[in-house]
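Containing TSV, C-alpha atoms: run-v1.tsv.
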```tsv
chain	number	residue	atom	x	y	z
A	1	MET	CA	-46.42	-33.65	6.96
A	2	GLU	CA	-49.21	-31.15	6.65
A	3	ASN	CA	-48.19	-30.66	3.09
A	4	ASN	CA	-48.76	-34.26	2.13
A	5	TYR	CA	-51.96	-34.37	4.07
A	6	GLN	CA	-53.36	-31.43	2.13
A	7	LEU	CA	-52.08	-32.90	-1.08
A	8	SER	CA	-53.82	-36.20	-0.52
A	9	ARG	CA	-57.00	-34.32	0.42
A	10	ILE	CA	-56.77	-32.39	-2.83
A	11	HIS	CA	-56.17	-35.62	-4.66
A	12	ASN	CA	-59.17	-37.28	-3.05
A	13	TYR	CA	-61.30	-34.24	-3.64
A	14	ILE	CA	-60.54	-34.05	-7.32
A	15	HIS	CA	-61.09	-37.73	-7.88
A	16	GLY	CA	-64.32	-37.71	-5.88
A	17	LEU	CA	-62.95	-40.02	-3.22
A	18	MET	CA	-64.30	-37.92	-0.38
A	19	SER	CA	-67.50	-38.06	1.54
A	20	ARG	CA	-69.85	-35.12	1.22
A	21	GLU	CA	-68.91	-33.84	4.65
A	22	GLU	CA	-65.22	-33.98	3.86
A	23	MET	CA	-65.78	-32.22	0.58
A	24	HIS	CA	-67.73	-29.51	2.31
A	25	ALA	CA	-65.02	-29.13	4.93
A	26	LEU	CA	-62.32	-28.73	2.31
A	27	GLU	CA	-64.42	-26.32	0.28
A	28	ARG	CA	-65.07	-24.25	3.34
A	29	GLU	CA	-61.40	-24.26	4.21
A	30	ALA	CA	-60.56	-23.21	0.70
A	31	LEU	CA	-62.99	-20.31	0.92
A	32	GLU	CA	-61.02	-18.99	3.85
A	33	ASP	CA	-57.68	-19.86	2.32
A	34	PRO	CA	-57.21	-18.59	-1.25
A	35	PHE	CA	-53.86	-20.35	-1.41
A	36	LEU	CA	-55.57	-23.68	-0.97
A	37	GLN	CA	-58.34	-22.68	-3.35
A	38	ASP	CA	-55.92	-21.76	-6.12
A	39	ALA	CA	-53.98	-24.95	-5.57
A	40	ILE	CA	-57.17	-27.00	-5.82
A	41	ASP	CA	-58.11	-25.13	-8.98
A	42	GLY	CA	-54.68	-25.81	-10.42
A	43	TYR	CA	-54.75	-29.51	-9.67
A	44	LYS	CA	-58.27	-29.73	-10.99
A	45	MET	CA	-57.01	-28.28	-14.27
A	46	GLN	CA	-54.20	-30.77	-14.31
A	47	GLN	CA	-56.81	-33.44	-13.62
A	48	GLY	CA	-55.06	-34.92	-10.67
A	49	VAL	CA	-52.04	-34.84	-8.48
A	50	ASP	CA	-48.85	-36.08	-10.05
A	51	VAL	CA	-46.96	-37.23	-6.97
A	52	LYS	CA	-44.00	-38.43	-8.97
A	53	SER	CA	-43.28	-35.15	-10.69
A	54	LEU	CA	-43.81	-33.37	-7.38
A	55	SER	CA	-41.18	-35.47	-5.67
A	56	LEU	CA	-38.90	-34.86	-8.64
A	57	LEU	CA	-39.48	-31.17	-8.14
A	58	GLN	CA	-38.64	-31.56	-4.49
A	59	GLN	CA	-35.40	-33.30	-5.46
A	60	ARG	CA	-34.66	-30.48	-7.82
A	61	LEU	CA	-34.96	-28.04	-4.96
A	62	GLU	CA	-32.71	-30.18	-2.79
A	63	ARG	CA	-30.13	-30.31	-5.55
A	64	ARG	CA	-30.36	-26.57	-5.92
A	65	ILE	CA	-29.73	-26.09	-2.21
A	66	ALA	CA	-26.86	-28.58	-2.17
A	67	GLU	CA	-25.36	-26.90	-5.21
A	68	HIS	CA	-25.46	-23.59	-3.44
A	69	THR	CA	-23.75	-25.07	-0.41
A	70	GLN	CA	-21.10	-26.52	-2.68
A	71	ARG	CA	-20.66	-23.22	-4.38
A	72	LYS	CA	-20.37	-21.61	-1.01
A	73	ASN	CA	-17.81	-24.22	0.02
A	74	ARG	CA	-15.88	-23.65	-3.14
A	75	PHE	CA	-15.96	-19.99	-2.45
A	76	TYR	CA	-14.88	-20.61	1.10
A	77	PHE	CA	-12.16	-22.92	-0.15
A	78	SER	CA	-10.87	-20.31	-2.52
A	79	TRP	CA	-10.80	-17.86	0.37
A	80	GLN	CA	-8.79	-20.41	2.26
A	81	ARG	CA	-6.48	-20.70	-0.69
A	82	LEU	CA	-6.16	-16.99	-0.92
A	83	ALA	CA	-5.29	-16.83	2.76
A	84	ILE	CA	-2.65	-19.51	2.34
A	85	GLY	CA	-1.28	-17.69	-0.66
A	86	MET	CA	-1.11	-14.46	1.26
A	87	VAL	CA	0.62	-16.09	4.19
A	88	ALA	CA	3.10	-17.66	1.80
A	89	ALA	CA	3.71	-14.31	0.16
A	90	VAL	CA	4.26	-12.62	3.49
A	91	MET	CA	6.64	-15.36	4.56
A	92	PHE	CA	8.49	-15.12	1.27
A	93	ILE	CA	8.91	-11.40	1.69
A	94	ALA	CA	10.03	-11.91	5.27
A	95	VAL	CA	12.64	-14.45	4.23
A	96	CYS	CA	13.83	-12.21	1.43
A	97	THR	CA	14.14	-9.32	3.86
A	98	LEU	CA	16.10	-11.46	6.28
A	99	LEU	CA	18.40	-12.60	3.52
A	100	LEU	CA	18.87	-9.03	2.36
A	101	ILE	CA	19.62	-7.90	5.88
A	102	ARG	CA	22.19	-10.63	6.18
A	103	TYR	CA	23.61	-9.99	2.76
A	104	LEU	CA	23.72	-6.19	2.83
A	105	PRO	CA	26.31	-5.78	5.62
A	106	ASN	CA	28.62	-8.07	3.67
A	107	ARG	CA	28.25	-5.89	0.66
A	108	GLN	CA	28.82	-2.84	2.78
A	109	HIS	CA	31.91	-4.50	4.13
A	110	THR	CA	33.32	-5.12	0.69
A	111	ASN	CA	32.37	-1.60	-0.19
A	112	VAL	CA	34.42	-0.35	2.71
A	113	THR	CA	37.50	-2.28	1.71
A	114	GLU	CA	37.05	-1.07	-1.79
A	115	VAL	CA	36.94	2.46	-0.55
A	116	GLU	CA	40.11	1.85	1.42
A	117	LEU	CA	41.76	0.54	-1.68
A	118	MET	CA	40.64	3.60	-3.48
A	119	ASP	CA	42.08	5.64	-0.64
A	120	ASP	CA	45.32	3.81	-1.07
A	121	VAL	CA	45.32	4.55	-4.71
A	122	LEU	CA	44.44	8.13	-3.93
A	123	THR	CA	47.33	8.68	-1.57
A	124	GLN	CA	49.95	6.25	-2.69
A	125	ALA	CA	51.75	5.68	-5.88
A	126	VAL	CA	52.06	2.07	-6.94
A	127	VAL	CA	54.98	0.78	-8.85
A	128	HIS	CA	55.13	-2.50	-10.69
A	129	ALA	CA	57.29	-4.16	-13.27
A	130	LEU	CA	56.39	-4.31	-16.93
A	131	PRO	CA	57.01	-7.61	-18.77
A	132	ASP	CA	60.16	-6.84	-20.74
A	133	GLY	CA	62.20	-5.62	-17.77
A	134	ASP	CA	63.97	-7.91	-15.30
A	135	ALA	CA	65.05	-5.37	-12.68
A	136	GLN	CA	63.62	-5.70	-9.20
A	137	PRO	CA	64.06	-3.18	-6.41
A	138	VAL	CA	66.04	-4.43	-3.43
A	139	GLY	CA	63.52	-4.49	-0.58
A	140	GLY	CA	60.56	-5.32	-2.79
A	141	TRP	CA	57.99	-3.46	-4.82
A	142	GLU	CA	55.96	-2.35	-1.86
A	143	ALA	CA	58.85	-0.62	-0.20
A	144	PHE	CA	59.79	1.01	-3.48
A	145	SER	CA	56.16	2.17	-3.99
A	146	ALA	CA	56.23	3.69	-0.51
A	147	PHE	CA	59.54	5.36	-1.32
A	148	VAL	CA	58.16	6.82	-4.51
A	149	SER	CA	55.06	8.07	-2.69
A	150	GLU	CA	57.19	9.69	-0.08
A	151	HIS	CA	59.40	11.57	-2.48
A	152	TYR	CA	56.88	12.36	-5.09
A	153	SER	CA	55.78	15.96	-5.08
A	154	GLY	CA	52.26	15.33	-6.23
A	155	VAL	CA	52.50	17.90	-8.99
A	156	ASN	CA	51.74	15.79	-11.97
A	157	MET	CA	49.08	15.54	-14.65
A	158	GLU	CA	49.89	12.01	-15.60
A	159	LYS	CA	48.21	9.02	-14.13
A	160	ARG	CA	50.55	6.37	-15.36
A	161	LEU	CA	54.11	6.72	-16.28
A	162	GLU	CA	56.43	4.16	-17.80
A	163	VAL	CA	60.08	4.34	-16.99
A	164	ARG	CA	62.95	2.53	-18.71
A	165	PHE	CA	66.38	2.28	-17.21
A	166	LYS	CA	69.42	0.12	-17.00
A	167	VAL	CA	70.94	-1.31	-13.88
A	168	GLY	CA	74.69	-1.10	-13.43
A	169	GLN	CA	77.08	-3.54	-11.77
A	170	ASP	CA	76.71	-1.66	-8.50
A	171	GLY	CA	72.92	-2.08	-8.61
A	172	LEU	CA	72.28	1.61	-9.31
A	173	PRO	CA	69.97	2.62	-12.13
A	174	TYR	CA	71.34	4.65	-15.00
A	175	ASP	CA	70.18	5.76	-18.39
A	176	ILE	CA	66.81	6.48	-16.85
A	177	GLN	CA	64.20	7.27	-19.43
A	178	PRO	CA	60.75	8.23	-18.16
A	179	GLN	CA	58.46	7.88	-21.15
A	180	ILE	CA	57.42	11.47	-21.04
A	181	ALA	CA	58.72	14.74	-22.45
A	182	LYS	CA	61.55	16.36	-20.53
A	183	ARG	CA	59.70	19.61	-20.03
A	184	HIS	CA	57.41	18.01	-17.48
A	185	GLN	CA	58.50	18.45	-13.95
A	186	ILE	CA	57.79	14.80	-13.30
A	187	HIS	CA	60.62	13.81	-15.65
A	188	ARG	CA	63.21	15.34	-13.43
A	189	GLU	CA	61.53	14.14	-10.31
A	190	ILE	CA	61.55	10.56	-11.46
A	191	LEU	CA	65.23	10.76	-12.25
A	192	GLN	CA	65.95	12.06	-8.77
A	193	ILE	CA	63.77	9.48	-7.06
A	194	LEU	CA	65.37	6.60	-8.93
A	195	GLN	CA	68.86	7.88	-8.29
A	196	LYS	CA	68.19	8.33	-4.58
A	197	GLY	CA	66.20	5.17	-4.35
A	198	PRO	CA	67.12	1.60	-3.50
A	199	LYS	CA	69.43	-0.55	-5.50
A	200	TRP	CA	68.17	-2.87	-8.14
A	201	GLN	CA	68.69	-6.47	-9.07
A	202	GLY	CA	68.74	-7.40	-12.73
A	203	LYS	CA	69.85	-5.50	-15.78
A	204	GLU	CA	66.99	-3.91	-17.66
A	205	GLY	CA	64.44	-1.86	-15.78
A	206	HIS	CA	61.01	-1.31	-17.24
A	207	ILE	CA	58.50	-0.21	-14.66
A	208	GLU	CA	55.19	1.58	-14.51
A	209	ILE	CA	54.31	4.04	-11.79
A	210	VAL	CA	50.61	4.52	-11.13
A	211	PHE	CA	50.17	7.86	-9.46
A	212	PRO	CA	47.43	8.66	-7.03
A	213	GLU	CA	44.68	10.76	-8.48
B	1	MET	CA	-37.78	-23.74	15.29
B	2	ASP	CA	-41.16	-22.64	14.11
B	3	GLU	CA	-41.81	-20.88	10.83
B	4	LYS	CA	-41.31	-17.42	12.22
B	5	GLU	CA	-38.01	-18.25	13.90
B	6	GLN	CA	-36.83	-19.92	10.73
B	7	LEU	CA	-37.67	-16.78	8.77
B	8	VAL	CA	-35.73	-14.63	11.18
B	9	TYR	CA	-32.86	-17.08	11.19
B	10	TYR	CA	-32.75	-17.16	7.42
B	11	LYS	CA	-32.85	-13.38	7.23
B	12	GLN	CA	-29.83	-13.22	9.48
B	13	THR	CA	-27.76	-16.06	8.09
B	14	GLY	CA	-28.94	-16.70	4.53
B	15	ASP	CA	-28.72	-20.42	5.19
B	16	LEU	CA	-30.42	-22.03	2.21
B	17	HIS	CA	-31.15	-25.22	4.10
B	18	VAL	CA	-33.41	-23.28	6.40
B	19	LEU	CA	-35.13	-21.63	3.47
B	20	GLY	CA	-35.54	-25.06	1.90
B	21	LYS	CA	-37.21	-26.33	5.05
B	22	LEU	CA	-39.52	-23.34	5.02
B	23	TYR	CA	-40.34	-23.67	1.37
B	24	THR	CA	-40.75	-27.40	0.90
B	25	PRO	CA	-44.09	-27.74	2.77
B	26	TYR	CA	-45.65	-25.26	0.37
B	27	MET	CA	-44.22	-26.67	-2.82
B	28	SER	CA	-47.14	-28.84	-3.78
B	29	LEU	CA	-49.64	-26.08	-3.09
B	30	LEU	CA	-47.46	-23.65	-5.00
B	31	TYR	CA	-47.27	-26.05	-7.88
B	32	GLY	CA	-51.06	-26.15	-7.96
B	33	VAL	CA	-51.26	-22.37	-7.95
B	34	CYS	CA	-48.70	-22.09	-10.71
B	35	PHE	CA	-50.50	-24.71	-12.75
B	36	LYS	CA	-53.66	-22.71	-12.45
B	37	TYR	CA	-51.92	-19.83	-14.21
B	38	PHE	CA	-49.58	-21.53	-16.65
B	39	GLN	CA	-51.62	-24.67	-17.32
B	40	GLU	CA	-48.47	-26.42	-18.26
B	41	GLN	CA	-46.42	-28.84	-16.22
B	42	THR	CA	-42.86	-27.78	-17.02
B	43	ALA	CA	-43.62	-24.10	-16.83
B	44	SER	CA	-45.25	-24.61	-13.44
B	45	GLN	CA	-42.29	-26.59	-12.13
B	46	ASP	CA	-39.89	-23.95	-13.36
B	47	ALA	CA	-42.04	-21.30	-11.75
B	48	VAL	CA	-41.86	-23.09	-8.39
B	49	MET	CA	-38.07	-23.12	-8.69
B	50	GLN	CA	-37.95	-19.52	-9.83
B	51	ILE	CA	-40.09	-18.38	-6.95
B	52	PHE	CA	-37.64	-20.09	-4.64
B	53	GLU	CA	-34.76	-18.26	-6.33
B	54	GLN	CA	-36.49	-14.97	-5.74
B	55	LEU	CA	-37.20	-15.83	-2.14
B	56	VAL	CA	-33.48	-16.39	-1.63
B	57	HIS	CA	-33.02	-12.64	-2.07
B	58	LYS	CA	-36.38	-11.27	-0.97
B	59	LEU	CA	-36.46	-12.99	2.36
B	60	ARG	CA	-33.09	-11.58	3.27
B	61	ILE	CA	-34.47	-8.09	2.83
B	62	HIS	CA	-38.10	-8.23	3.84
B	63	GLU	CA	-39.55	-9.05	7.16
B	64	VAL	CA	-42.46	-11.39	6.67
B	65	ASP	CA	-45.09	-11.89	9.28
B	66	ASN	CA	-47.37	-14.48	7.83
B	67	PHE	CA	-45.25	-16.58	5.54
B	68	LYS	CA	-48.07	-18.59	4.04
B	69	SER	CA	-50.22	-15.72	2.86
B	70	TRP	CA	-47.17	-13.67	1.89
B	71	LEU	CA	-45.88	-16.57	-0.15
B	72	TYR	CA	-49.25	-16.99	-1.81
B	73	VAL	CA	-49.48	-13.35	-2.84
B	74	PHE	CA	-45.86	-13.39	-3.97
B	75	ALA	CA	-46.33	-16.53	-6.03
B	76	ARG	CA	-49.49	-15.25	-7.63
B	77	ASN	CA	-47.84	-11.97	-8.53
B	78	TYR	CA	-44.91	-13.86	-9.94
B	79	CYS	CA	-47.17	-15.97	-12.13
B	80	LEU	CA	-49.14	-12.96	-13.34
B	81	MET	CA	-45.94	-11.08	-14.16
B	82	GLU	CA	-44.59	-14.04	-16.07
B	83	LEU	CA	-47.79	-14.40	-18.03
B	84	ARG	CA	-47.76	-10.71	-18.82
B	85	LYS	CA	-44.19	-11.05	-20.05
B	86	GLN	CA	-44.99	-14.09	-22.14
B	87	LYS	CA	-48.23	-13.22	-23.78
B	88	GLY	CA	-48.64	-9.53	-23.34
B	89	LYS	CA	-52.03	-10.24	-21.85
B	90	MET	CA	-53.48	-12.63	-19.36
B	91	HIS	CA	-56.34	-15.03	-19.56
B	92	VAL	CA	-57.24	-14.67	-15.95
B	93	ASP	CA	-60.69	-13.86	-14.79
B	94	ILE	CA	-60.42	-11.05	-12.31
B	95	GLU	CA	-63.78	-11.88	-10.82
B	96	GLU	CA	-62.42	-15.33	-10.10
B	97	ASN	CA	-59.19	-14.20	-8.57
B	98	MET	CA	-59.45	-10.90	-6.88
B	99	PRO	CA	-61.83	-11.61	-4.00
B	100	GLU	CA	-59.86	-14.63	-2.92
B	101	SER	CA	-56.64	-12.77	-2.47
B	102	GLU	CA	-58.26	-10.11	-0.39
B	103	GLN	CA	-59.82	-12.51	2.00
B	104	LYS	CA	-56.79	-13.87	3.69
B	105	LEU	CA	-55.23	-10.50	4.20
B	106	VAL	CA	-58.08	-9.50	6.45
B	107	THR	CA	-57.34	-10.89	9.83
B	108	GLU	CA	-60.16	-12.93	11.10
B	109	GLU	CA	-61.43	-11.71	14.37
B	110	GLU	CA	-63.70	-13.56	16.67
B	111	THR	CA	-66.84	-11.50	16.56
B	112	LYS	CA	-69.61	-11.93	19.00
B	113	TRP	CA	-72.90	-12.42	17.37
B	114	THR	CA	-75.90	-10.70	18.78
B	115	GLU	CA	-79.56	-11.26	18.11
B	116	ALA	CA	-79.56	-8.22	15.85
B	117	ASP	CA	-76.77	-9.73	13.75
B	118	PHE	CA	-78.83	-12.80	12.98
B	119	ASP	CA	-81.64	-10.58	11.77
B	120	LYS	CA	-79.22	-8.69	9.65
B	121	VAL	CA	-77.86	-11.85	8.06
B	122	HIS	CA	-81.38	-12.56	7.04
B	123	ASP	CA	-81.79	-9.14	5.49
B	124	CYS	CA	-78.43	-9.31	3.79
B	125	LEU	CA	-79.12	-12.76	2.41
B	126	ALA	CA	-82.24	-11.32	0.87
B	127	SER	CA	-80.19	-8.58	-0.76
B	128	LEU	CA	-78.00	-11.10	-2.63
B	129	SER	CA	-78.85	-12.24	-6.11
B	130	PRO	CA	-81.10	-15.30	-5.99
B	131	GLU	CA	-78.34	-17.65	-7.25
B	132	GLN	CA	-75.86	-16.41	-4.68
B	133	ALA	CA	-78.44	-16.58	-1.92
B	134	VAL	CA	-79.40	-20.15	-2.78
B	135	CYS	CA	-75.81	-21.33	-3.01
B	136	VAL	CA	-74.68	-19.58	0.15
B	137	ARG	CA	-77.66	-20.96	2.02
B	138	LEU	CA	-77.03	-24.48	0.81
B	139	PHE	CA	-73.31	-24.28	1.49
B	140	TYR	CA	-73.22	-22.58	4.84
B	141	LEU	CA	-76.54	-23.51	6.38
B	142	ASP	CA	-77.07	-26.98	4.98
B	143	GLN	CA	-73.33	-27.67	4.84
B	144	LYS	CA	-73.49	-29.22	1.41
B	145	CYS	CA	-70.53	-29.58	-0.90
B	146	TYR	CA	-70.24	-27.87	-4.28
B	147	LYS	CA	-71.04	-31.03	-6.12
B	148	ASP	CA	-74.31	-31.55	-4.27
B	149	ILE	CA	-75.27	-27.94	-4.70
B	150	ALA	CA	-74.55	-28.16	-8.41
B	151	GLU	CA	-76.70	-31.25	-8.69
B	152	GLU	CA	-79.47	-29.77	-6.65
B	153	THR	CA	-79.64	-26.42	-8.39
B	154	GLY	CA	-78.54	-27.49	-11.84
B	155	TYR	CA	-75.87	-24.78	-11.94
B	156	ASP	CA	-72.44	-25.47	-13.33
B	157	LEU	CA	-69.90	-26.55	-10.67
B	158	ASN	CA	-67.63	-23.58	-11.30
B	159	LYS	CA	-70.59	-21.24	-11.21
B	160	VAL	CA	-71.56	-22.64	-7.83
B	161	LYS	CA	-68.11	-21.88	-6.55
B	162	SER	CA	-68.11	-18.31	-7.74
B	163	TYR	CA	-71.68	-17.76	-6.49
B	164	ILE	CA	-70.57	-18.83	-3.06
B	165	GLN	CA	-67.36	-16.82	-3.15
B	166	ASN	CA	-69.08	-13.69	-4.34
B	167	GLY	CA	-72.09	-14.25	-2.13
B	168	LYS	CA	-69.85	-14.61	0.86
B	169	ARG	CA	-68.05	-11.41	-0.01
B	170	ASN	CA	-71.23	-9.46	-0.60
B	171	LEU	CA	-72.65	-10.77	2.61
B	172	LYS	CA	-69.60	-9.61	4.46
B	173	ILE	CA	-69.76	-6.16	2.90
B	174	CYS	CA	-73.42	-5.93	3.75
B	175	MET	CA	-72.82	-6.96	7.34
B	176	GLU	CA	-69.95	-4.55	7.82
B	177	SER	CA	-71.74	-1.60	6.27
B	178	GLY	CA	-74.59	-2.11	8.68
B	179	LYS	CA	-72.18	-2.20	11.58
B	180	ASN	CA	-70.52	1.02	10.53
B	181	GLY	CA	-73.85	2.68	10.14
B	182	LYS	CA	-74.73	2.04	13.74
```
Render the structure in this file as structure tokens.
Amino acid sequence: MENNYQLSRIHNYIHGLMSREEMHALEREALEDPFLQDAIDGYKMQQGVDVKSLSLLQQRLERRIAEHTQRKNRFYFSWQRLAIGMVAAVMFIAVCTLLLIRYLPNRQHTNVTEVELMDDVLTQAVVHALPDGDAQPVGGWEAFSAFVSEHYSGVNMEKRLEVRFKVGQDGLPYDIQPQIAKRHQIHREILQILQKGPKWQGKEGHIEIVFPE
Amino acid sequence: MDEKEQLVYYKQTGDLHVLGKLYTPYMSLLYGVCFKYFQEQTASQDAVMQIFEQLVHKLRIHEVDNFKSWLYVFARNYCLMELRKQKGKMHVDIEENMPESEQKLVTEEETKWTEADFDKVHDCLASLSPEQAVCVRLFYLDQKCYKDIAEETGYDLNKVKSYIQNGKRNLKICMESGKNGK
């Protein structure tokens, strides 16, 4: 290397290991090349060329460069990581969206049935037995609910109404007591509905009518 | 890749390995230069590393034509700046340092010498101070080394060097002024 060649020339020059001609040549070169001249001056001040420390310095530079490459790699690696992370995030979101898309119609479906139920409640009265009565309408609760809905005028402020009655030998209800004041129109209506309605099985009637809203 | 291509390549890519390849050949010379200013081993080594660090950025921005002389000027400036920072003043002889830096920046042209030029050299040599004239004569005409000149004239070795440097510069100025006058 040119570098080492110059260095050994400097070394020889400083230690007087050169012939006169060589010395002159180097001096002349240095006159044209201030870089070389300053370097010679420097080494002269140091009283020689310390090859060992120079090679250590060279190693230091190599380490520095390698370190930078590593740093760059690390940086690159982290970019890679970031990319992987982003892909994962995108995939996660995609999967979530898919799941939501799949899940949402189901929910909508249940919503629809719910609404229908609500509709039912809105338009139909529902009748069911309360615990301390044993009377059951002949034809079942559903038929009786439908019957009530059909004959019910709809003029009513109440939402729920309890009715007590007794069932005679012939299966007809008597002693009908809607649990509401007589002045309400619904009181009379209930009496009529029950009297017109189906026969009952059992003895004591205690039912609740849930009116549509 | 030669030096110039490497410089361009580094400027484009910022590949430190390329910069390392560019820089390494000059490290020992740079170390010498730094030692001249700092006169201390560790400081000089650190300076060589620091100059490299600065090159990492500078060479990505600047276009450099002649890397060697650019690097020299850059390194010298770096050292001077550091010294100024450290001590507030420098112990650097301007007379010793200035002419050298100027020299390289002037591109050397092949000039054709005429008969008149040789006469002029003679005149110009006579215009130098006697010490400079003697040293320049011994160095350039008799091709003697500094050591021999010092022995022959009895001047100090460093004095011989500066006589020759300054004599050479004065000679050049003298020659060029004559040319311009024509």
### Task
Find the residues near Tyr43 (chain A): any atom within 10 Å, counting only C-alpha atoms, skip ones fewer than 6 places away on the same chain, and give them as a VMD selection string.
(chain A and resid 7 10 to 11 14 37 49 to 50) or (chain B and resid 28 to 29 31 to 36 39)
### Polymer residues at most 7 Å from Ala133 (chain B), only C-alpha atoms, same-chain spacing of 5 or more positions, as a list in words
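Counting only the stated atoms, we get Leu125, Leu128 and Gly167 of chain B.
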### Message
For a quick test of understanding: name the residues of chain B lying within 7 Å of chain A when counting only C-alpha atoms, and present them as a ChimeraX atom specification.
### Response
/B:16-17,25-26,28-30,32-33,35-36,45,49,72,100-101,103-104,143-145,165
### d(CA of Pro137 (chain A), CA of Pro198 (chain A)) in Å
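For CA of Pro137 (chain A) relative to CA of Pro198 (chain A), the distance reads 6.4 Å.
Distance annotation: of B:Asp117, B:Asp65, B:Asp15, B:Asp148, the residue with the minimal separation from Glu3 (chain B) is B:Asp65; atom set is all atoms listed in the file.
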### Task
Extract, using all atoms listed in the file, all DNA, RNA and protein residues at most 12 Å from Ala143 (chain A), discarding same-chain residues fewer than 6 positions from it, and format them as number ranges by chain.
A: 124-128, 136-137, 149-150, 197-199
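Between CA of Asp119 (chain B) and CA of Cys135 (chain B) the interatomic distance comes to 19.2 Å.
Non-sequential neighbours of Asp134 (chain A) (distance at most 8 Å, separation of 4 or more positions within a chain, all atoms listed in the file) are Ala129, Gln201, Gly202, Lys203, Glu204, Gly205 and His206 of chain A.
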Produce a file of the selected residues containing C-alpha atoms, as a PDB file, in the frame of the given file.
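Dumped to again.pdb:
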```
ATOM      1  CA  ALA A 129      57.290  -4.160 -13.270  1.00  0.00           C
ATOM      2  CA  GLN A 201      68.690  -6.470  -9.070  1.00  0.00           C
ATOM      3  CA  GLY A 202      68.740  -7.400 -12.730  1.00  0.00           C
ATOM      4  CA  LYS A 203      69.850  -5.500 -15.780  1.00  0.00           C
ATOM      5  CA  GLU A 204      66.990  -3.910 -17.660  1.00  0.00           C
ATOM      6  CA  GLY A 205      64.440  -1.860 -15.780  1.00  0.00           C
ATOM      7  CA  HIS A 206      61.010  -1.310 -17.240  1.00  0.00           C
TER       8      HIS A 206
END
```
### Query
What is the CA of Pro178 (chain A) to CA of Phe165 (chain A) distance in Å?
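Pair CA of Pro178 (chain A) / CA of Phe165 (chain A) returns 8.2 Å.
The closest residue to Ile207 (chain A), picked from A:Leu191, A:Leu100, A:Val163, A:Val155 and counting all atoms listed in the file, is A:Val163.
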#### Entry: Shell of 8 Å around Gln179 (chain A), only C-alpha atoms, local chain residues under 6 positions omitted, as JSON, numbers by chain
{"A": [161, 162, 163, 164]}
### Message
With distances taken over all atoms listed in the file, which residue among B:Lys58, B:Asp2, B:Asn66, B:Ala47 lies nearest Cys79 (chain B)?
### Response
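Looking only at the distances to Cys79 (chain B), the closest residue turns out to be B:Ala47.
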